[in-house]
Amino acid sequence: DAKTTQPTSMDCAEGRAANLPCNHSTISGNEYVYWYRQIHSQGPQYIIHGLKNNETNEMASLIITEDRKSSTLILPHATLRDTAVYYCIVRAPNRDDKIIFGKGTRLHILP
Amino acid sequence: EPEVTQTPSHQVTQMGQEVILRCVPISNHLYFYWYRQILGQKVEFLVSFYNNEISEKSEIFDDQFSVERPDGSNFTLKIRSTKLEDSAMYFCASSHDRGRETQYFGPGTRLLVL
């Protein structure tokens with residue numbers, strides 16, 4: 001089973017920042033936090049990952065708390081195309097081949 | 001930007017028939033995966049493949065399923081005798097390395113078993 005807890009759904013107004021929370025209270029020291037998203041009927045799309053430092057790329061920012069028990073994915077200026085299911089996943093390098101997907105958060109971007 | 005491709009995008013078959021789903025992973029990737037997603041349900045891992053052999057498989061991946069890398073570019077999933085419950089989206093993924101390396105997913109093949 002997935003080792004993360006996410007809200008079932010969230011709404012965000014277009015143009016605003018979307019902040020998606022994730023709890024991973026049982027994360028171990030060598031596990032990374034990954035975020036993927038799945039736009040309707042498409043394959044999962046990698047967004048970002050991190051270990052303990054905050055990370056930013058062209059798609060999003062990832063904020064990980066100091067105790068690493070939770071994280072937040074930030075889409076800085078959400079557009080209608082960001083409507084998708086967002087998955088928060090913990091994986092250990094050199095151990096986990098597979099990705100275990102949970103139910104994720106269904107994010108609706110409202111015009 | 002390199003991407004994983006899958007063919008066909010849709011396949012309809014009769015129960016009991018064999019199907020082969022095809023994938024072309026990203027060219028310098030070494031690890032290959034199949035996942036499936038039954039309509040309305042979670043994405044589920046089926047199998048991982050490295051160095052021409054299965055490295056891990058799930059309980060779903062029973063004797064009806066097989067994978068193959070027949071040449072340097074294709075990666076296939078065969079379902080020997082399809083069942084109604086095999087109807088799902090099947091996603092191929094690849095990564096350059098295991099673990100920390102990001103897996104990149106293809107667009108999927110929608111399989112409908114009648």
# chains A, B, ... in the order shown; residues from 1 in each chain; ligands from 1
$ closest_atom_pairs --of "chain A" --to "chain B" --cutoff "12 Å" --atoms "only C-alpha atoms" --output "tab-separated table"
residue	atom	partner	partner_atom	distance
A:Asp1	CA	B:Glu44	CA	10.5
A:Ala2	CA	B:Lys42	CA	10.6
A:Asn30	CA	B:Arg100	CA	10.1
A:Glu31	CA	B:Arg100	CA	8.9
A:Tyr32	CA	B:Arg100	CA	7.6
A:Val33	CA	B:Arg100	CA	9.9
A:Tyr34	CA	B:Thr102	CA	8.9
A:Trp35	CA	B:Thr102	CA	10.3
A:Tyr36	CA	B:Gln103	CA	9.9
A:Arg37	CA	B:Phe105	CA	10.9
A:Gln38	CA	B:Val43	CA	9.9
A:Ile39	CA	B:Pro107	CA	10.5
A:His40	CA	B:Gly40	CA	10.8
A:Ser41	CA	B:Pro107	CA	8.2
A:Gln42	CA	B:Pro107	CA	5.3
A:Gly43	CA	B:Pro107	CA	4.7
A:Pro44	CA	B:Phe105	CA	6.0
A:Gln45	CA	B:Phe105	CA	6.6
A:Tyr46	CA	B:Tyr104	CA	6.8
A:Ile47	CA	B:Thr102	CA	9.6
A:Ile48	CA	B:Thr102	CA	9.1
A:His49	CA	B:Thr102	CA	8.7
A:Gly50	CA	B:Arg100	CA	9.8
A:Leu51	CA	B:Arg100	CA	10.1
A:Val85	CA	B:Lys42	CA	10.7
A:Tyr86	CA	B:Lys42	CA	11.9
A:Tyr87	CA	B:Val43	CA	10.4
A:Ile89	CA	B:Arg100	CA	11.9
A:Val90	CA	B:Arg100	CA	10.3
A:Arg91	CA	B:Gly99	CA	7.1
A:Ala92	CA	B:Gly99	CA	6.1
A:Pro93	CA	B:Gly99	CA	3.8
A:Asn94	CA	B:Gly99	CA	4.5
A:Arg95	CA	B:Gly99	CA	5.8
A:Asp96	CA	B:Gly99	CA	5.1
A:Asp97	CA	B:Gly99	CA	5.5
A:Lys98	CA	B:Phe45	CA	6.3
A:Ile99	CA	B:Phe45	CA	6.9
A:Ile100	CA	B:Phe45	CA	7.0
A:Phe101	CA	B:Val43	CA	5.8
A:Gly102	CA	B:Lys42	CA	6.4
A:Lys103	CA	B:Lys42	CA	6.0
A:Gly104	CA	B:Lys42	CA	8.8
A:Thr105	CA	B:Lys42	CA	11.9
$ closest_residue --among "B:His10, B:Arg22, B:His29, B:Arg36" --to "Asp86 in chain B" --atoms "only C-alpha atoms"
B:Arg36
$ residues_around --residues "range 71-84 of chain A" --least-positions-apart "4" --cutoff "8 Å" --atoms "only C-alpha atoms" --output "MDAnalysis selection string"
chainID A and resid 12:24 35 37:40 59:65 106:111
$ closest_residue --among "B:Ser66, B:Gln6, B:Ser87, B:Glu59" --to "Val24 in chain B" --atoms "only C-alpha atoms"
B:Gln6
$ closest_residue --among "B:Leu30, B:Ile38, B:Leu114, B:Val67" --to "Tyr50 in chain B" --atoms "only C-alpha atoms"
B:Leu30
$ atom_distance --atom1 "CA of Glu55 in chain A" --atom2 "CA of Ile26 in chain B"
24.9 Å
$ atom_distance --atom1 "CA of Asp71 in chain B" --atom2 "CA of Gly16 in chain B"
27.1 Å
$ closest_residue --among "B:Gln11, B:Asn28, B:Asn52, B:Gln17" --to "Phe75 in chain B" --atoms "only C-alpha atoms"
B:Asn52
